[in-house]
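Asks: Please see the structure below; I have some questions.
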Amino acid sequence: MSSPSLKEFQDQVGELLLRHRSVLDVLSKFQQSNAAANRAVMKSVTECGCIQVHAGKQNYTRDMTLEQAKEQLGTHLEGQVCENCKEVIASELGRNLFYMASLCNLLDLNLDKVVSQESTKCSTLGLFNLS
C-alpha cells in the first residue's frame with residue numbers, strides 16, 4: 001500500500017473532522033498538538049534517556065566555509081531515539097499534521113501547494129530562508 005499524497009491526506013482529514021470545526025478549536029488543537037510533539041521529544045530525554053541534550057554556544061566564525069560550518073555546528077543531541085520514543089514522537093507529529101491539514105481546509109489552502117511553495121522558497125533562498 002502506497003502512502004497517501006498530501007491532497008489525499010487533506011481530503012481524508014476534511015472527512016474526519018467533525019467535533020472541532022471552528023477555526024478557534026482547530027487553532028487551539030494545532031497548538032496543543034505542537035506542544036505534545038515537543039513534550040514527546042523532551043520525554044525521550046528526561047524519562048527514557050535514549051537521547052541527551054548537551055547544549056552550548058555554537059562556535060561559528062564569519063570566515064568559515066559552508067562545509068566547515070555544517071561540520072562545526074551541531075544539533076546538541078547525543079544518542080539515538082529508541083523505537084518506543086520514535087513511535088510516540090511520530091504519533092504526536094502525525095496529530096500535529098492532522099490539525100495543520102484541518103487549518104488548511106478551513107482557510108481553503110491546499111497543503112500540497114503550501115509544501116510546494118515552501119520547497120520553492122527553500123530552493124531559491126537556500127541558507128538564507130530562515131535567517
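Just remember, in the C-alpha cells the first chain shown is A, the second B, etc., residues are 1-based per chain, and ligands are 1-based in the order shown.
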Just the strand (DSSP E or B) stuff from chain A, please, per backbone DSSP, written as a list in words.
Replies: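 Strand (DSSP E or B) members of chain A, listed: Ile51, Gln52, Val53, Leu77, Glu78 and Gly79 of chain A.
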Asks: As a PDB file with N, CA, C and O atoms, in the first residue's frame, list the residues of chain A assigned to alpha helix (DSSP H) by DSSP on the backbone atoms of this structure.
Replies:
```pdb
ATOM      1  N   LEU A   6      -0.373  14.332  -0.183  1.00  0.00           N
ATOM      2  CA  LEU A   6      -0.829  15.362   0.745  1.00  0.00           C
ATOM      3  C   LEU A   6      -2.277  15.736   0.476  1.00  0.00           C
ATOM      4  O   LEU A   6      -3.054  15.962   1.400  1.00  0.00           O
ATOM      5  N   LYS A   7      -2.671  15.774  -0.792  1.00  0.00           N
ATOM      6  CA  LYS A   7      -4.060  16.093  -1.139  1.00  0.00           C
ATOM      7  C   LYS A   7      -5.005  15.028  -0.595  1.00  0.00           C
ATOM      8  O   LYS A   7      -6.046  15.353  -0.022  1.00  0.00           O
ATOM      9  N   GLU A   8      -4.643  13.757  -0.784  1.00  0.00           N
ATOM     10  CA  GLU A   8      -5.488  12.664  -0.266  1.00  0.00           C
ATOM     11  C   GLU A   8      -5.588  12.745   1.253  1.00  0.00           C
ATOM     12  O   GLU A   8      -6.672  12.553   1.821  1.00  0.00           O
ATOM     13  N   PHE A   9      -4.479  13.035   1.906  1.00  0.00           N
ATOM     14  CA  PHE A   9      -4.494  13.173   3.363  1.00  0.00           C
ATOM     15  C   PHE A   9      -5.375  14.345   3.781  1.00  0.00           C
ATOM     16  O   PHE A   9      -6.206  14.227   4.680  1.00  0.00           O
ATOM     17  N   GLN A  10      -5.221  15.473   3.108  1.00  0.00           N
ATOM     18  CA  GLN A  10      -6.024  16.651   3.431  1.00  0.00           C
ATOM     19  C   GLN A  10      -7.512  16.365   3.219  1.00  0.00           C
ATOM     20  O   GLN A  10      -8.346  16.757   4.039  1.00  0.00           O
ATOM     21  N   ASP A  11      -7.857  15.668   2.153  1.00  0.00           N
ATOM     22  CA  ASP A  11      -9.253  15.301   1.902  1.00  0.00           C
ATOM     23  C   ASP A  11      -9.773  14.372   2.999  1.00  0.00           C
ATOM     24  O   ASP A  11     -10.898  14.517   3.471  1.00  0.00           O
ATOM     25  N   GLN A  12      -8.934  13.418   3.397  1.00  0.00           N
ATOM     26  CA  GLN A  12      -9.318  12.483   4.458  1.00  0.00           C
ATOM     27  C   GLN A  12      -9.579  13.234   5.760  1.00  0.00           C
ATOM     28  O   GLN A  12     -10.569  12.973   6.454  1.00  0.00           O
ATOM     29  N   VAL A  13      -8.710  14.175   6.105  1.00  0.00           N
ATOM     30  CA  VAL A  13      -8.882  14.977   7.312  1.00  0.00           C
ATOM     31  C   VAL A  13     -10.194  15.756   7.233  1.00  0.00           C
ATOM     32  O   VAL A  13     -10.936  15.832   8.212  1.00  0.00           O
ATOM     33  N   GLY A  14     -10.492  16.296   6.066  1.00  0.00           N
ATOM     34  CA  GLY A  14     -11.740  17.034   5.877  1.00  0.00           C
ATOM     35  C   GLY A  14     -12.967  16.178   6.151  1.00  0.00           C
ATOM     36  O   GLY A  14     -13.969  16.657   6.674  1.00  0.00           O
ATOM     37  N   GLU A  15     -12.883  14.902   5.806  1.00  0.00           N
ATOM     38  CA  GLU A  15     -14.000  13.983   6.049  1.00  0.00           C
ATOM     39  C   GLU A  15     -14.115  13.602   7.523  1.00  0.00           C
ATOM     40  O   GLU A  15     -15.204  13.351   8.023  1.00  0.00           O
ATOM     41  N   LEU A  16     -12.983  13.586   8.237  1.00  0.00           N
ATOM     42  CA  LEU A  16     -12.977  13.095   9.611  1.00  0.00           C
ATOM     43  C   LEU A  16     -13.232  14.157  10.664  1.00  0.00           C
ATOM     44  O   LEU A  16     -13.712  13.846  11.747  1.00  0.00           O
ATOM     45  N   VAL A  23     -12.654  27.417  13.600  1.00  0.00           N
ATOM     46  CA  VAL A  23     -11.252  27.777  13.403  1.00  0.00           C
ATOM     47  C   VAL A  23     -10.564  27.978  14.755  1.00  0.00           C
ATOM     48  O   VAL A  23      -9.382  27.650  14.910  1.00  0.00           O
ATOM     49  N   LEU A  24     -11.287  28.439  15.753  1.00  0.00           N
ATOM     50  CA  LEU A  24     -10.705  28.611  17.083  1.00  0.00           C
ATOM     51  C   LEU A  24     -10.350  27.258  17.696  1.00  0.00           C
ATOM     52  O   LEU A  24      -9.283  27.101  18.311  1.00  0.00           O
ATOM     53  N   ASP A  25     -11.226  26.285  17.534  1.00  0.00           N
ATOM     54  CA  ASP A  25     -10.932  24.935  18.015  1.00  0.00           C
ATOM     55  C   ASP A  25      -9.714  24.351  17.299  1.00  0.00           C
ATOM     56  O   ASP A  25      -8.833  23.766  17.920  1.00  0.00           O
ATOM     57  N   VAL A  26      -9.684  24.510  15.980  1.00  0.00           N
ATOM     58  CA  VAL A  26      -8.581  23.942  15.197  1.00  0.00           C
ATOM     59  C   VAL A  26      -7.264  24.619  15.564  1.00  0.00           C
ATOM     60  O   VAL A  26      -6.246  23.944  15.743  1.00  0.00           O
ATOM     61  N   LEU A  27      -7.266  25.935  15.700  1.00  0.00           N
ATOM     62  CA  LEU A  27      -6.038  26.629  16.082  1.00  0.00           C
ATOM     63  C   LEU A  27      -5.534  26.183  17.452  1.00  0.00           C
ATOM     64  O   LEU A  27      -4.337  25.950  17.638  1.00  0.00           O
ATOM     65  N   SER A  28      -6.455  26.039  18.408  1.00  0.00           N
ATOM     66  CA  SER A  28      -6.024  25.620  19.749  1.00  0.00           C
ATOM     67  C   SER A  28      -5.571  24.158  19.749  1.00  0.00           C
ATOM     68  O   SER A  28      -4.607  23.810  20.434  1.00  0.00           O
ATOM     69  N   LYS A  29      -6.227  23.300  18.970  1.00  0.00           N
ATOM     70  CA  LYS A  29      -5.802  21.897  18.872  1.00  0.00           C
ATOM     71  C   LYS A  29      -4.458  21.786  18.141  1.00  0.00           C
ATOM     72  O   LYS A  29      -3.621  20.956  18.492  1.00  0.00           O
ATOM     73  N   PHE A  30      -4.230  22.623  17.138  1.00  0.00           N
ATOM     74  CA  PHE A  30      -2.959  22.650  16.422  1.00  0.00           C
ATOM     75  C   PHE A  30      -1.832  23.034  17.382  1.00  0.00           C
ATOM     76  O   PHE A  30      -0.777  22.397  17.432  1.00  0.00           O
ATOM     77  N   GLN A  31      -2.084  24.057  18.189  1.00  0.00           N
ATOM     78  CA  GLN A  31      -1.089  24.486  19.171  1.00  0.00           C
ATOM     79  C   GLN A  31      -0.868  23.409  20.231  1.00  0.00           C
ATOM     80  O   GLN A  31       0.271  23.126  20.616  1.00  0.00           O
ATOM     81  N   GLN A  32      -1.938  22.791  20.676  1.00  0.00           N
ATOM     82  CA  GLN A  32      -1.843  21.733  21.681  1.00  0.00           C
ATOM     83  C   GLN A  32      -1.074  20.528  21.134  1.00  0.00           C
ATOM     84  O   GLN A  32      -0.244  19.939  21.834  1.00  0.00           O
ATOM     85  N   SER A  33      -1.331  20.172  19.889  1.00  0.00           N
ATOM     86  CA  SER A  33      -0.629  19.026  19.302  1.00  0.00           C
ATOM     87  C   SER A  33       0.846  19.346  19.079  1.00  0.00           C
ATOM     88  O   SER A  33       1.699  18.461  19.193  1.00  0.00           O
ATOM     89  N   ASN A  34       1.162  20.598  18.804  1.00  0.00           N
ATOM     90  CA  ASN A  34       2.564  21.001  18.681  1.00  0.00           C
ATOM     91  C   ASN A  34       3.265  20.870  20.028  1.00  0.00           C
ATOM     92  O   ASN A  34       4.391  20.361  20.111  1.00  0.00           O
ATOM     93  N   ALA A  35       2.601  21.307  21.089  1.00  0.00           N
ATOM     94  CA  ALA A  35       3.167  21.181  22.433  1.00  0.00           C
ATOM     95  C   ALA A  35       3.356  19.710  22.805  1.00  0.00           C
ATOM     96  O   ALA A  35       4.357  19.344  23.433  1.00  0.00           O
ATOM     97  N   ALA A  36       2.415  18.858  22.409  1.00  0.00           N
ATOM     98  CA  ALA A  36       2.529  17.425  22.707  1.00  0.00           C
ATOM     99  C   ALA A  36       3.713  16.803  21.965  1.00  0.00           C
ATOM    100  O   ALA A  36       4.408  15.934  22.512  1.00  0.00           O
ATOM    101  N   ALA A  37       3.949  17.250  20.735  1.00  0.00           N
ATOM    102  CA  ALA A  37       5.104  16.744  19.984  1.00  0.00           C
ATOM    103  C   ALA A  37       6.397  17.185  20.665  1.00  0.00           C
ATOM    104  O   ALA A  37       7.337  16.380  20.830  1.00  0.00           O
ATOM    105  N   ASN A  38       6.456  18.440  21.080  1.00  0.00           N
ATOM    106  CA  ASN A  38       7.630  18.923  21.812  1.00  0.00           C
ATOM    107  C   ASN A  38       7.832  18.133  23.092  1.00  0.00           C
ATOM    108  O   ASN A  38       8.953  17.750  23.429  1.00  0.00           O
ATOM    109  N   ARG A  39       6.750  17.879  23.796  1.00  0.00           N
ATOM    110  CA  ARG A  39       6.817  17.137  25.069  1.00  0.00           C
ATOM    111  C   ARG A  39       7.313  15.712  24.839  1.00  0.00           C
ATOM    112  O   ARG A  39       8.095  15.187  25.631  1.00  0.00           O
ATOM    113  N   ALA A  40       6.895  15.085  23.759  1.00  0.00           N
ATOM    114  CA  ALA A  40       7.342  13.723  23.462  1.00  0.00           C
ATOM    115  C   ALA A  40       8.853  13.675  23.252  1.00  0.00           C
ATOM    116  O   ALA A  40       9.523  12.746  23.710  1.00  0.00           O
ATOM    117  N   VAL A  41       9.390  14.685  22.573  1.00  0.00           N
ATOM    118  CA  VAL A  41      10.847  14.747  22.387  1.00  0.00           C
ATOM    119  C   VAL A  41      11.528  14.952  23.740  1.00  0.00           C
ATOM    120  O   VAL A  41      12.517  14.279  24.060  1.00  0.00           O
ATOM    121  N   MET A  42      10.981  15.842  24.537  1.00  0.00           N
ATOM    122  CA  MET A  42      11.574  16.111  25.854  1.00  0.00           C
ATOM    123  C   MET A  42      11.555  14.880  26.747  1.00  0.00           C
ATOM    124  O   MET A  42      12.516  14.614  27.478  1.00  0.00           O
ATOM    125  N   LYS A  43      10.462  14.111  26.680  1.00  0.00           N
ATOM    126  CA  LYS A  43      10.369  12.900  27.496  1.00  0.00           C
ATOM    127  C   LYS A  43      11.365  11.840  27.049  1.00  0.00           C
ATOM    128  O   LYS A  43      11.820  11.038  27.859  1.00  0.00           O
ATOM    129  N   LEU A  66      30.895  27.113   3.971  1.00  0.00           N
ATOM    130  CA  LEU A  66      29.628  26.443   4.231  1.00  0.00           C
ATOM    131  C   LEU A  66      29.866  25.017   4.733  1.00  0.00           C
ATOM    132  O   LEU A  66      29.235  24.580   5.697  1.00  0.00           O
ATOM    133  N   GLU A  67      30.776  24.311   4.110  1.00  0.00           N
ATOM    134  CA  GLU A  67      31.073  22.931   4.533  1.00  0.00           C
ATOM    135  C   GLU A  67      31.656  22.888   5.940  1.00  0.00           C
ATOM    136  O   GLU A  67      31.316  22.018   6.732  1.00  0.00           O
ATOM    137  N   GLN A  68      32.526  23.832   6.247  1.00  0.00           N
ATOM    138  CA  GLN A  68      33.098  23.885   7.595  1.00  0.00           C
ATOM    139  C   GLN A  68      32.005  24.166   8.630  1.00  0.00           C
ATOM    140  O   GLN A  68      31.992  23.560   9.706  1.00  0.00           O
ATOM    141  N   ALA A  69      31.105  25.066   8.291  1.00  0.00           N
ATOM    142  CA  ALA A  69      30.012  25.398   9.213  1.00  0.00           C
ATOM    143  C   ALA A  69      29.112  24.179   9.435  1.00  0.00           C
ATOM    144  O   ALA A  69      28.699  23.911  10.566  1.00  0.00           O
ATOM    145  N   LYS A  70      28.821  23.430   8.373  1.00  0.00           N
ATOM    146  CA  LYS A  70      27.981  22.238   8.518  1.00  0.00           C
ATOM    147  C   LYS A  70      28.638  21.204   9.420  1.00  0.00           C
ATOM    148  O   LYS A  70      27.964  20.513  10.181  1.00  0.00           O
ATOM    149  N   GLU A  71      29.956  21.088   9.341  1.00  0.00           N
ATOM    150  CA  GLU A  71      30.678  20.138  10.201  1.00  0.00           C
ATOM    151  C   GLU A  71      30.772  20.652  11.634  1.00  0.00           C
ATOM    152  O   GLU A  71      30.690  19.865  12.583  1.00  0.00           O
ATOM    153  N   GLN A  72      30.955  21.944  11.798  1.00  0.00           N
ATOM    154  CA  GLN A  72      31.192  22.544  13.113  1.00  0.00           C
ATOM    155  C   GLN A  72      29.920  22.682  13.944  1.00  0.00           C
ATOM    156  O   GLN A  72      29.915  22.415  15.131  1.00  0.00           O
ATOM    157  N   GLU A  83      13.071   2.977  19.604  1.00  0.00           N
ATOM    158  CA  GLU A  83      11.869   2.653  18.824  1.00  0.00           C
ATOM    159  C   GLU A  83      10.591   3.111  19.523  1.00  0.00           C
ATOM    160  O   GLU A  83       9.675   3.604  18.883  1.00  0.00           O
ATOM    161  N   ASN A  84      10.524   2.953  20.840  1.00  0.00           N
ATOM    162  CA  ASN A  84       9.329   3.372  21.570  1.00  0.00           C
ATOM    163  C   ASN A  84       9.137   4.883  21.483  1.00  0.00           C
ATOM    164  O   ASN A  84       8.042   5.365  21.175  1.00  0.00           O
ATOM    165  N   CYS A  85      10.194   5.634  21.743  1.00  0.00           N
ATOM    166  CA  CYS A  85      10.095   7.092  21.678  1.00  0.00           C
ATOM    167  C   CYS A  85       9.827   7.555  20.251  1.00  0.00           C
ATOM    168  O   CYS A  85       9.053   8.498  20.034  1.00  0.00           O
ATOM    169  N   LYS A  86      10.440   6.894  19.291  1.00  0.00           N
ATOM    170  CA  LYS A  86      10.227   7.243  17.892  1.00  0.00           C
ATOM    171  C   LYS A  86       8.749   7.086  17.531  1.00  0.00           C
ATOM    172  O   LYS A  86       8.166   7.931  16.850  1.00  0.00           O
ATOM    173  N   GLU A  87       8.134   6.015  18.023  1.00  0.00           N
ATOM    174  CA  GLU A  87       6.716   5.759  17.756  1.00  0.00           C
ATOM    175  C   GLU A  87       5.839   6.850  18.370  1.00  0.00           C
ATOM    176  O   GLU A  87       4.907   7.345  17.734  1.00  0.00           O
ATOM    177  N   VAL A  88       6.147   7.233  19.611  1.00  0.00           N
ATOM    178  CA  VAL A  88       5.366   8.272  20.299  1.00  0.00           C
ATOM    179  C   VAL A  88       5.533   9.615  19.601  1.00  0.00           C
ATOM    180  O   VAL A  88       4.546  10.334  19.350  1.00  0.00           O
ATOM    181  N   ILE A  89       6.772   9.976  19.267  1.00  0.00           N
ATOM    182  CA  ILE A  89       7.035  11.256  18.603  1.00  0.00           C
ATOM    183  C   ILE A  89       6.345  11.296  17.242  1.00  0.00           C
ATOM    184  O   ILE A  89       5.697  12.298  16.886  1.00  0.00           O
ATOM    185  N   ALA A  90       6.442  10.214  16.487  1.00  0.00           N
ATOM    186  CA  ALA A  90       5.793  10.158  15.171  1.00  0.00           C
ATOM    187  C   ALA A  90       4.278  10.304  15.302  1.00  0.00           C
ATOM    188  O   ALA A  90       3.638  10.992  14.496  1.00  0.00           O
ATOM    189  N   SER A  91       3.712   9.694  16.323  1.00  0.00           N
ATOM    190  CA  SER A  91       2.271   9.806  16.553  1.00  0.00           C
ATOM    191  C   SER A  91       1.878  11.250  16.842  1.00  0.00           C
ATOM    192  O   SER A  91       0.885  11.762  16.302  1.00  0.00           O
ATOM    193  N   GLU A  92       2.643  11.917  17.682  1.00  0.00           N
ATOM    194  CA  GLU A  92       2.338  13.310  18.020  1.00  0.00           C
ATOM    195  C   GLU A  92       2.540  14.228  16.814  1.00  0.00           C
ATOM    196  O   GLU A  92       1.754  15.155  16.599  1.00  0.00           O
ATOM    197  N   LEU A  93       3.569  13.974  16.018  1.00  0.00           N
ATOM    198  CA  LEU A  93       3.776  14.772  14.807  1.00  0.00           C
ATOM    199  C   LEU A  93       2.647  14.531  13.802  1.00  0.00           C
ATOM    200  O   LEU A  93       2.212  15.455  13.116  1.00  0.00           O
ATOM    201  N   GLY A  94       2.166  13.290  13.747  1.00  0.00           N
ATOM    202  CA  GLY A  94       1.037  12.976  12.879  1.00  0.00           C
ATOM    203  C   GLY A  94      -0.212  13.733  13.287  1.00  0.00           C
ATOM    204  O   GLY A  94      -0.932  14.270  12.438  1.00  0.00           O
ATOM    205  N   ARG A  95      -0.459  13.802  14.590  1.00  0.00           N
ATOM    206  CA  ARG A  95      -1.621  14.550  15.091  1.00  0.00           C
ATOM    207  C   ARG A  95      -1.464  16.034  14.751  1.00  0.00           C
ATOM    208  O   ARG A  95      -2.417  16.703  14.359  1.00  0.00           O
ATOM    209  N   ASN A  96      -0.246  16.549  14.877  1.00  0.00           N
ATOM    210  CA  ASN A  96       0.021  17.937  14.537  1.00  0.00           C
ATOM    211  C   ASN A  96      -0.238  18.183  13.052  1.00  0.00           C
ATOM    212  O   ASN A  96      -0.844  19.187  12.675  1.00  0.00           O
ATOM    213  N   LEU A  97       0.172  17.245  12.222  1.00  0.00           N
ATOM    214  CA  LEU A  97      -0.075  17.348  10.780  1.00  0.00           C
ATOM    215  C   LEU A  97      -1.573  17.298  10.483  1.00  0.00           C
ATOM    216  O   LEU A  97      -2.063  18.000   9.599  1.00  0.00           O
ATOM    217  N   PHE A  98      -2.310  16.488  11.235  1.00  0.00           N
ATOM    218  CA  PHE A  98      -3.763  16.414  11.087  1.00  0.00           C
ATOM    219  C   PHE A  98      -4.388  17.793  11.278  1.00  0.00           C
ATOM    220  O   PHE A  98      -5.198  18.244  10.473  1.00  0.00           O
ATOM    221  N   TYR A  99      -3.996  18.479  12.350  1.00  0.00           N
ATOM    222  CA  TYR A  99      -4.590  19.788  12.612  1.00  0.00           C
ATOM    223  C   TYR A  99      -4.063  20.850  11.652  1.00  0.00           C
ATOM    224  O   TYR A  99      -4.772  21.816  11.346  1.00  0.00           O
ATOM    225  N   MET A 100      -2.861  20.675  11.140  1.00  0.00           N
ATOM    226  CA  MET A 100      -2.375  21.580  10.102  1.00  0.00           C
ATOM    227  C   MET A 100      -3.229  21.425   8.847  1.00  0.00           C
ATOM    228  O   MET A 100      -3.644  22.417   8.230  1.00  0.00           O
ATOM    229  N   ALA A 101      -3.516  20.190   8.476  1.00  0.00           N
ATOM    230  CA  ALA A 101      -4.381  19.935   7.319  1.00  0.00           C
ATOM    231  C   ALA A 101      -5.786  20.475   7.575  1.00  0.00           C
ATOM    232  O   ALA A 101      -6.415  21.028   6.668  1.00  0.00           O
ATOM    233  N   SER A 102      -6.265  20.353   8.800  1.00  0.00           N
ATOM    234  CA  SER A 102      -7.580  20.901   9.156  1.00  0.00           C
ATOM    235  C   SER A 102      -7.619  22.407   8.978  1.00  0.00           C
ATOM    236  O   SER A 102      -8.579  22.963   8.443  1.00  0.00           O
ATOM    237  N   LEU A 103      -6.570  23.062   9.430  1.00  0.00           N
ATOM    238  CA  LEU A 103      -6.490  24.507   9.289  1.00  0.00           C
ATOM    239  C   LEU A 103      -6.449  24.898   7.812  1.00  0.00           C
ATOM    240  O   LEU A 103      -7.126  25.844   7.395  1.00  0.00           O
ATOM    241  N   CYS A 104      -5.697  24.148   7.029  1.00  0.00           N
ATOM    242  CA  CYS A 104      -5.673  24.404   5.580  1.00  0.00           C
ATOM    243  C   CYS A 104      -7.063  24.251   4.990  1.00  0.00           C
ATOM    244  O   CYS A 104      -7.481  25.075   4.162  1.00  0.00           O
ATOM    245  N   ASN A 105      -7.800  23.236   5.395  1.00  0.00           N
ATOM    246  CA  ASN A 105      -9.165  23.042   4.895  1.00  0.00           C
ATOM    247  C   ASN A 105     -10.057  24.226   5.240  1.00  0.00           C
ATOM    248  O   ASN A 105     -10.790  24.731   4.382  1.00  0.00           O
ATOM    249  N   LEU A 106      -9.999  24.673   6.488  1.00  0.00           N
ATOM    250  CA  LEU A 106     -10.857  25.776   6.913  1.00  0.00           C
ATOM    251  C   LEU A 106     -10.529  27.076   6.182  1.00  0.00           C
ATOM    252  O   LEU A 106     -11.412  27.895   5.932  1.00  0.00           O
ATOM    253  N   LEU A 111      -2.705  22.045   1.025  1.00  0.00           N
ATOM    254  CA  LEU A 111      -1.495  21.661   1.759  1.00  0.00           C
ATOM    255  C   LEU A 111      -0.369  21.294   0.806  1.00  0.00           C
ATOM    256  O   LEU A 111       0.791  21.649   1.034  1.00  0.00           O
ATOM    257  N   ASP A 112      -0.698  20.614  -0.280  1.00  0.00           N
ATOM    258  CA  ASP A 112       0.310  20.255  -1.271  1.00  0.00           C
ATOM    259  C   ASP A 112       0.955  21.506  -1.858  1.00  0.00           C
ATOM    260  O   ASP A 112       2.174  21.581  -2.028  1.00  0.00           O
ATOM    261  N   LYS A 113       0.135  22.520  -2.124  1.00  0.00           N
ATOM    262  CA  LYS A 113       0.652  23.775  -2.677  1.00  0.00           C
ATOM    263  C   LYS A 113       1.486  24.522  -1.635  1.00  0.00           C
ATOM    264  O   LYS A 113       2.509  25.122  -1.962  1.00  0.00           O
ATOM    265  N   VAL A 114       1.058  24.476  -0.383  1.00  0.00           N
ATOM    266  CA  VAL A 114       1.820  25.116   0.698  1.00  0.00           C
ATOM    267  C   VAL A 114       3.213  24.501   0.782  1.00  0.00           C
ATOM    268  O   VAL A 114       4.219  25.213   0.856  1.00  0.00           O
ATOM    269  N   VAL A 115       3.272  23.172   0.741  1.00  0.00           N
ATOM    270  CA  VAL A 115       4.561  22.473   0.799  1.00  0.00           C
ATOM    271  C   VAL A 115       5.385  22.795  -0.443  1.00  0.00           C
ATOM    272  O   VAL A 115       6.594  23.060  -0.350  1.00  0.00           O
ATOM    273  N   SER A 116       4.756  22.809  -1.594  1.00  0.00           N
ATOM    274  CA  SER A 116       5.460  23.108  -2.839  1.00  0.00           C
ATOM    275  C   SER A 116       6.032  24.520  -2.826  1.00  0.00           C
ATOM    276  O   SER A 116       7.179  24.743  -3.228  1.00  0.00           O
ATOM    277  N   GLN A 117       5.249  25.482  -2.362  1.00  0.00           N
ATOM    278  CA  GLN A 117       5.724  26.869  -2.291  1.00  0.00           C
ATOM    279  C   GLN A 117       6.890  26.999  -1.315  1.00  0.00           C
ATOM    280  O   GLN A 117       7.854  27.725  -1.576  1.00  0.00           O
ATOM    281  N   GLU A 118       6.800  26.303  -0.198  1.00  0.00           N
ATOM    282  CA  GLU A 118       7.890  26.361   0.785  1.00  0.00           C
ATOM    283  C   GLU A 118       9.154  25.719   0.224  1.00  0.00           C
ATOM    284  O   GLU A 118      10.263  26.211   0.427  1.00  0.00           O
ATOM    285  N   SER A 119       8.980  24.627  -0.504  1.00  0.00           N
ATOM    286  CA  SER A 119      10.120  23.966  -1.139  1.00  0.00           C
ATOM    287  C   SER A 119      10.784  24.878  -2.164  1.00  0.00           C
ATOM    288  O   SER A 119      12.019  24.975  -2.232  1.00  0.00           O
ATOM    289  N   THR A 120       9.967  25.559  -2.949  1.00  0.00           N
ATOM    290  CA  THR A 120      10.500  26.505  -3.932  1.00  0.00           C
ATOM    291  C   THR A 120      11.259  27.624  -3.235  1.00  0.00           C
ATOM    292  O   THR A 120      12.353  28.010  -3.655  1.00  0.00           O
ATOM    293  N   LYS A 121      10.682  28.125  -2.145  1.00  0.00           N
ATOM    294  CA  LYS A 121      11.335  29.179  -1.378  1.00  0.00           C
ATOM    295  C   LYS A 121      12.670  28.685  -0.813  1.00  0.00           C
ATOM    296  O   LYS A 121      13.679  29.392  -0.878  1.00  0.00           O
ATOM    297  N   CYS A 122      12.682  27.467  -0.302  1.00  0.00           N
ATOM    298  CA  CYS A 122      13.927  26.887   0.220  1.00  0.00           C
ATOM    299  C   CYS A 122      14.965  26.753  -0.886  1.00  0.00           C
ATOM    300  O   CYS A 122      16.149  27.042  -0.676  1.00  0.00           O
ATOM    301  N   SER A 123      14.539  26.316  -2.048  1.00  0.00           N
ATOM    302  CA  SER A 123      15.456  26.160  -3.175  1.00  0.00           C
ATOM    303  C   SER A 123      16.006  27.504  -3.634  1.00  0.00           C
ATOM    304  O   SER A 123      17.187  27.625  -3.954  1.00  0.00           O
ATOM    305  N   THR A 124      15.144  28.506  -3.649  1.00  0.00           N
ATOM    306  CA  THR A 124      15.546  29.825  -4.123  1.00  0.00           C
ATOM    307  C   THR A 124      16.435  30.540  -3.118  1.00  0.00           C
ATOM    308  O   THR A 124      17.487  31.063  -3.469  1.00  0.00           O
ATOM    309  N   LEU A 125      16.013  30.545  -1.863  1.00  0.00           N
ATOM    310  CA  LEU A 125      16.744  31.295  -0.846  1.00  0.00           C
ATOM    311  C   LEU A 125      17.871  30.490  -0.205  1.00  0.00           C
ATOM    312  O   LEU A 125      18.766  31.069   0.402  1.00  0.00           O
TER     313      LEU A 125
END
```
Asks: So how many Å separate CA of Asp63 in chain A and CA of Gly126 in chain A, to one decimal?
Replies: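 For CA of Asp63 in chain A relative to CA of Gly126 in chain A, the distance reads 18.8 Å.
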